[in-house]
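Worksheet: one structure, shown below.
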Amino acid sequence: MDKHTFEATTAGQRVDKFLSLGLPDISRSAIVNLIESGNVLLNGKAVSKNYKLRLGDVIEITIPDPVEYEAEAEDIPLDIVYEDDDLLVVNKPKGMVVHPAAGNYSGTLVNALLYHCRDNLSGINGVLRPGIVHRIDKNTSGLLIVAKNDKAHKSLAEQIKEHSFTREYEAIVFGNLRNDRGTVDAPIGRHPVDRKKMTVTDKNSKHAVTHYEVLERLKGYTYIKCVLETGRTHQIRVHMAYIGHPVSGDDVYGLKNEKLRFEGQCLHARKIGFIHPTTEKYMEFTSELPEYFEDYLRKLRNITY
């Protein structure tokens with residue numbers, strides 16, 4: 001259980017916004033829940049979320065210890081591209097969440113892995129993320145590597161840290177990119193207002209580099225390949241939006257009025273490569289474009305407007 005005390009040095013700001021800025025690792029909605037559950041006191045008394053602070057107000061917030069939840073095994077089919085005693089390479093479908101979290105405690109990749117692998121998953125990331133070395137977003141499809149033991153997990157995580165881990169994506173982005181090839185080198189951090197979003201920023205950010213290459217120019221869109229040099233949350237989606245070419249269908253960073261609407265970002269993890277933690281040989285795997293991606297490409301090629 002954590003307790004924090006703040007004093008208002010300015011007046012007129014809502015208490016929920018004030019706390020979200022003071023506690024950047026906690027979402028605004030989570031802070032509202034804490035206020036409504038009586039875990040926030042203003043001058044020793046309960047307060048409403050829309051209370052506007054006065055100079056000198058003292059705010060106390062208590063953050064309860066998280067309730068430990070253990071993911072359960074579920075018989076969910078997996079598209080396994082490769083498997084041995086140390087690891088799996090899985091082709092994740094669009095729409096599947098990687099690991100359990102608030103609002104998604106079942107039907108995730110981890111639930112399926114627990115059924116398939118039983119107790120043979122690394123435990124470094126805890127009971128909610130067993131075996132998970134890296135993630136891809138819910139509406140991103142494609143290849144993901146899973147560690148079956150801690151030795152493999154540490155080796156693969158170190159490769160990611162050293163940028164020797166190959167990760168290539170293919171995407172359809174809005175607009176016509178000026179150059180056939182390019183690099184976006186821009187730091188990514190949490191959005192200062194919407195804590196569920198990431199953004200390009202110099203404050204509390206991490207170095208992020210995405211290389212892109214045009215595969216096909218379409219009317220109003222561009223089909224591209226992206227190679228990750230780093231692996232930040234939402235990196236490709238944030239970087240492409242930053243340069244004015246958001247991923248088509250992205251409901252967080254994309255356009256709201258695309259003429260040919262696509263549900264969920266058109267982004268696929270096409271290739272993955274790494275040095276095997278036991279054999280020390282380089283391995284590389286490629287995934288075919290899923291039907292949703294191919295179908296969207298066909299529609300874009302036939303646009304007549």
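Ordering of the structure tokens sets the chain letters (A, B, ...), residue numbers begin anew at 1 in every chain, and ligands are numbered from 1 in the order given.
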
Enumerate as a ChimeraX atom specification all residues of region 160-297 of chain A assigned to strand (DSSP E or B) by DSSP on the backbone, naming them with the chain letters and numbers the document uses.
/A:166-174,181-185,188-190,198-200,205-206,209-218,221-228,247,267-275,282-286

Could you list, as a ChimeraX atom specification, every residue within 12 Å of region 15-20 of chain A, counting only C-alpha atoms and ignoring same-chain residues fewer than 6 positions away?
/A:4-9,26-36,40-42,46-54,57-62,191-196

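Atom pair CA of Glu263 (chain A) / CA of Phe285 (chain A) has a distance of 26.9 Å (rounded to one decimal).
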
Using only C-alpha atoms, pick whichever of A:Glu216, A:Asp150, A:Asp84, A:Asp251 has the shortest atom-to-atom distance to Ala171 (chain A).
A:Glu216

What is the CA of Pro130 (chain A)-CA of Val238 (chain A) distance in Å, reported with one decimal?
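Separating CA of Pro130 (chain A) from CA of Val238 (chain A) is a distance of 27.2 Å.
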
Just the residues within 12 Å of Gly131 (chain A), please, counting only C-alpha atoms, with nothing from its chain fewer than 5 positions along; format it as a PyMOL selection string.
chain A and resi 86-90+98-99+109-114+117-126+144-154+156-157

Create the file for the chosen residues now, containing N, CA, C and O atoms and written as a tab-separated table (two decimals), in the first residue's frame.
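Listed below is the output, result_16.tsv:
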```
chain	number	residue	atom	x	y	z
A	86	ASP	N	13.13	-24.76	-25.70
A	86	ASP	CA	13.46	-23.46	-25.15
A	86	ASP	C	12.46	-22.37	-25.48
A	86	ASP	O	12.30	-21.42	-24.72
A	87	LEU	N	11.79	-22.49	-26.63
A	87	LEU	CA	10.98	-21.36	-27.08
A	87	LEU	C	9.92	-21.77	-28.10
A	87	LEU	O	9.94	-22.88	-28.63
A	88	LEU	N	9.00	-20.86	-28.34
A	88	LEU	CA	8.01	-20.99	-29.41
A	88	LEU	C	8.02	-19.70	-30.21
A	88	LEU	O	8.27	-18.62	-29.68
A	89	VAL	N	7.69	-19.82	-31.49
A	89	VAL	CA	7.38	-18.66	-32.31
A	89	VAL	C	5.92	-18.81	-32.71
A	89	VAL	O	5.53	-19.81	-33.32
A	90	VAL	N	5.10	-17.84	-32.31
A	90	VAL	CA	3.65	-17.92	-32.51
A	90	VAL	C	3.20	-16.83	-33.47
A	90	VAL	O	3.69	-15.70	-33.43
A	98	VAL	N	-2.24	-10.01	-25.85
A	98	VAL	CA	-1.10	-10.87	-25.54
A	98	VAL	C	-1.17	-11.45	-24.13
A	98	VAL	O	-0.97	-12.64	-23.93
A	99	HIS	N	-1.43	-10.61	-23.12
A	99	HIS	CA	-1.45	-11.12	-21.76
A	99	HIS	C	-2.62	-10.51	-20.97
A	99	HIS	O	-3.11	-9.43	-21.31
A	109	LEU	N	-3.38	-14.54	-25.38
A	109	LEU	CA	-2.33	-15.45	-25.83
A	109	LEU	C	-1.76	-16.23	-24.65
A	109	LEU	O	-1.49	-17.43	-24.76
A	110	VAL	N	-1.58	-15.56	-23.52
A	110	VAL	CA	-1.04	-16.23	-22.34
A	110	VAL	C	-1.96	-17.35	-21.88
A	110	VAL	O	-1.49	-18.45	-21.52
A	111	ASN	N	-3.26	-17.14	-21.87
A	111	ASN	CA	-4.20	-18.20	-21.50
A	111	ASN	C	-4.02	-19.42	-22.40
A	111	ASN	O	-4.04	-20.57	-21.94
A	112	ALA	N	-3.84	-19.17	-23.69
A	112	ALA	CA	-3.64	-20.26	-24.65
A	112	ALA	C	-2.30	-20.95	-24.43
A	112	ALA	O	-2.20	-22.18	-24.51
A	113	LEU	N	-1.26	-20.18	-24.15
A	113	LEU	CA	0.07	-20.75	-23.92
A	113	LEU	C	0.11	-21.62	-22.67
A	113	LEU	O	0.77	-22.67	-22.65
A	114	LEU	N	-0.59	-21.20	-21.64
A	114	LEU	CA	-0.63	-21.99	-20.40
A	114	LEU	C	-1.25	-23.37	-20.64
A	114	LEU	O	-0.84	-24.36	-20.04
A	117	CYS	N	1.52	-25.24	-23.11
A	117	CYS	CA	2.84	-25.50	-22.55
A	117	CYS	C	2.82	-26.05	-21.13
A	117	CYS	O	3.86	-26.46	-20.61
A	118	ARG	N	1.64	-26.02	-20.51
A	118	ARG	CA	1.52	-26.43	-19.11
A	118	ARG	C	2.45	-25.57	-18.25
A	118	ARG	O	2.32	-24.38	-18.21
A	119	ASP	N	3.41	-26.20	-17.56
A	119	ASP	CA	4.28	-25.43	-16.66
A	119	ASP	C	5.58	-25.01	-17.34
A	119	ASP	O	6.49	-24.49	-16.67
A	120	ASN	N	5.68	-25.23	-18.62
A	120	ASN	CA	6.94	-24.95	-19.32
A	120	ASN	C	6.95	-23.56	-19.94
A	120	ASN	O	6.96	-23.39	-21.16
A	121	LEU	N	6.92	-22.54	-19.09
A	121	LEU	CA	7.04	-21.15	-19.53
A	121	LEU	C	7.91	-20.40	-18.55
A	121	LEU	O	7.88	-20.67	-17.35
A	122	SER	N	8.69	-19.45	-19.03
A	122	SER	CA	9.56	-18.69	-18.14
A	122	SER	C	8.72	-17.89	-17.15
A	122	SER	O	7.60	-17.47	-17.45
A	123	GLY	N	9.27	-17.68	-15.95
A	123	GLY	CA	8.53	-16.98	-14.91
A	123	GLY	C	9.04	-15.59	-14.61
A	123	GLY	O	8.60	-14.96	-13.65
A	124	ILE	N	9.96	-15.09	-15.42
A	124	ILE	CA	10.59	-13.80	-15.14
A	124	ILE	C	9.57	-12.66	-15.07
A	124	ILE	O	9.68	-11.76	-14.24
A	125	ASN	N	8.58	-12.68	-15.94
A	125	ASN	CA	7.60	-11.59	-15.97
A	125	ASN	C	6.36	-11.84	-15.11
A	125	ASN	O	5.36	-11.14	-15.25
A	126	GLY	N	6.43	-12.82	-14.22
A	126	GLY	CA	5.34	-13.03	-13.26
A	126	GLY	C	4.20	-13.88	-13.79
A	126	GLY	O	4.22	-14.37	-14.92
A	144	LEU	N	5.51	-13.55	-32.82
A	144	LEU	CA	5.87	-13.22	-31.44
A	144	LEU	C	6.67	-14.40	-30.90
A	144	LEU	O	6.31	-15.55	-31.13
A	145	ILE	N	7.75	-14.11	-30.17
A	145	ILE	CA	8.54	-15.20	-29.59
A	145	ILE	C	8.18	-15.37	-28.12
A	145	ILE	O	7.94	-14.39	-27.40
A	146	VAL	N	8.14	-16.61	-27.66
A	146	VAL	CA	7.77	-16.95	-26.29
A	146	VAL	C	8.86	-17.83	-25.69
A	146	VAL	O	9.32	-18.79	-26.34
A	147	ALA	N	9.29	-17.51	-24.47
A	147	ALA	CA	10.35	-18.28	-23.81
A	147	ALA	C	9.77	-19.35	-22.90
A	147	ALA	O	8.85	-19.08	-22.12
A	148	LYS	N	10.32	-20.55	-22.97
A	148	LYS	CA	9.83	-21.65	-22.14
A	148	LYS	C	10.57	-21.76	-20.81
A	148	LYS	O	10.11	-22.48	-19.91
A	149	ASN	N	11.71	-21.11	-20.70
A	149	ASN	CA	12.46	-21.16	-19.45
A	149	ASN	C	13.19	-19.84	-19.25
A	149	ASN	O	13.31	-19.03	-20.17
A	150	ASP	N	13.66	-19.62	-18.03
A	150	ASP	CA	14.28	-18.33	-17.69
A	150	ASP	C	15.58	-18.09	-18.45
A	150	ASP	O	15.91	-16.96	-18.79
A	151	LYS	N	16.34	-19.16	-18.70
A	151	LYS	CA	17.60	-19.02	-19.45
A	151	LYS	C	17.33	-18.46	-20.84
A	151	LYS	O	18.00	-17.53	-21.30
A	152	ALA	N	16.34	-19.03	-21.52
A	152	ALA	CA	15.99	-18.56	-22.86
A	152	ALA	C	15.46	-17.13	-22.80
A	152	ALA	O	15.78	-16.29	-23.65
A	153	HIS	N	14.65	-16.85	-21.79
A	153	HIS	CA	14.06	-15.51	-21.64
A	153	HIS	C	15.16	-14.46	-21.50
A	153	HIS	O	15.13	-13.42	-22.17
A	154	LYS	N	16.12	-14.71	-20.64
A	154	LYS	CA	17.20	-13.75	-20.41
A	154	LYS	C	18.01	-13.52	-21.67
A	154	LYS	O	18.38	-12.38	-21.99
A	156	LEU	N	17.05	-13.93	-24.87
A	156	LEU	CA	16.26	-13.21	-25.88
A	156	LEU	C	16.04	-11.75	-25.47
A	156	LEU	O	16.11	-10.85	-26.32
A	157	ALA	N	15.80	-11.51	-24.18
A	157	ALA	CA	15.61	-10.14	-23.71
A	157	ALA	C	16.88	-9.31	-23.90
A	157	ALA	O	16.81	-8.12	-24.24
```

Got a sec: who's within 8 Å of region 227-232 of chain A, counting only C-alpha atoms, leaving out chain neighbours fewer than 4 positions off, as a list of chain:residue names?
A:Ile160, A:His163, A:Thr166, A:Arg167, A:Glu168, A:Tyr169, A:Ile188, A:Lys206, A:His207, A:Ala208, A:Val209, A:Thr210, A:His211, A:Tyr212

Mind dumping the selected residues with N, CA, C and O atoms as a short mmCIF file (atom, residue, chain, number, x, y, z; two decimals), in the first residue's frame?
```
data_model
loop_
_atom_site.label_atom_id
_atom_site.label_comp_id
_atom_site.auth_asym_id
_atom_site.auth_seq_id
_atom_site.Cartn_x
_atom_site.Cartn_y
_atom_site.Cartn_z
N ILE A 160 17.16 -8.21 -27.50
CA ILE A 160 16.29 -7.07 -27.76
C ILE A 160 16.92 -5.79 -27.23
O ILE A 160 16.93 -4.75 -27.91
N HIS A 163 19.60 -4.55 -29.47
CA HIS A 163 19.12 -4.26 -30.82
C HIS A 163 19.64 -5.26 -31.87
O HIS A 163 19.82 -4.92 -33.04
N THR A 166 15.91 -9.20 -34.78
CA THR A 166 15.28 -8.73 -36.02
C THR A 166 13.76 -8.69 -35.87
O THR A 166 13.14 -9.70 -35.53
N ARG A 167 13.17 -7.50 -36.16
CA ARG A 167 11.72 -7.37 -36.14
C ARG A 167 11.30 -6.51 -37.33
O ARG A 167 11.60 -5.31 -37.36
N GLU A 168 10.65 -7.14 -38.30
CA GLU A 168 10.17 -6.42 -39.47
C GLU A 168 8.65 -6.48 -39.53
O GLU A 168 8.06 -7.55 -39.34
N TYR A 169 8.05 -5.35 -39.81
CA TYR A 169 6.60 -5.24 -39.90
C TYR A 169 6.22 -4.74 -41.29
O TYR A 169 7.02 -4.11 -41.97
N ILE A 188 10.14 8.50 -27.62
CA ILE A 188 8.73 8.23 -27.31
C ILE A 188 8.54 8.11 -25.80
O ILE A 188 9.31 7.46 -25.11
N LYS A 206 12.02 7.65 -24.10
CA LYS A 206 13.09 6.71 -24.43
C LYS A 206 13.43 6.84 -25.91
O LYS A 206 12.57 7.10 -26.75
N HIS A 207 14.70 6.63 -26.20
CA HIS A 207 15.20 6.66 -27.58
C HIS A 207 14.41 5.67 -28.43
O HIS A 207 14.19 4.53 -28.02
N ALA A 208 13.97 6.09 -29.61
CA ALA A 208 13.17 5.22 -30.48
C ALA A 208 13.53 5.48 -31.94
O ALA A 208 13.56 6.63 -32.38
N VAL A 209 13.80 4.40 -32.68
CA VAL A 209 14.20 4.51 -34.09
C VAL A 209 13.44 3.49 -34.93
O VAL A 209 13.44 2.30 -34.62
N THR A 210 12.79 3.97 -35.98
CA THR A 210 12.07 3.12 -36.93
C THR A 210 12.57 3.41 -38.34
O THR A 210 12.62 4.56 -38.76
N HIS A 211 12.96 2.36 -39.07
CA HIS A 211 13.35 2.50 -40.47
C HIS A 211 12.19 2.02 -41.33
O HIS A 211 11.57 1.00 -41.03
N TYR A 212 11.89 2.74 -42.40
CA TYR A 212 10.80 2.32 -43.27
C TYR A 212 11.22 2.29 -44.74
O TYR A 212 12.16 2.98 -45.15
#
```

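Going from CA of Arg181 (chain A) over to CA of Gly264 (chain A), you cover 25.1 Å.
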
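Residues with any atom within 12 Å of Glu280 (chain A), counting only C-alpha atoms and excluding same-chain neighbours fewer than 3 positions away, are Ala152, Ser155, Leu156, Gln159, Phe274, Ile275, His276, Pro277 and Met283 of chain A.
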
Given the selection you just returned, output its residues as a file containing C-alpha atoms, formatted as a tab-separated table (two decimals), in the first residue's frame.
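Output saved as again_3.tsv:
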```tsv
chain	number	residue	atom	x	y	z
A	152	ALA	CA	15.99	-18.56	-22.86
A	155	SER	CA	19.07	-14.47	-23.65
A	156	LEU	CA	16.26	-13.21	-25.88
A	159	GLN	CA	19.22	-9.47	-27.70
A	274	PHE	CA	17.20	-14.06	-33.23
A	275	ILE	CA	20.14	-16.12	-32.00
A	276	HIS	CA	18.89	-19.33	-30.42
A	277	PRO	CA	19.71	-19.28	-26.67
A	283	MET	CA	17.08	-18.31	-36.75
```
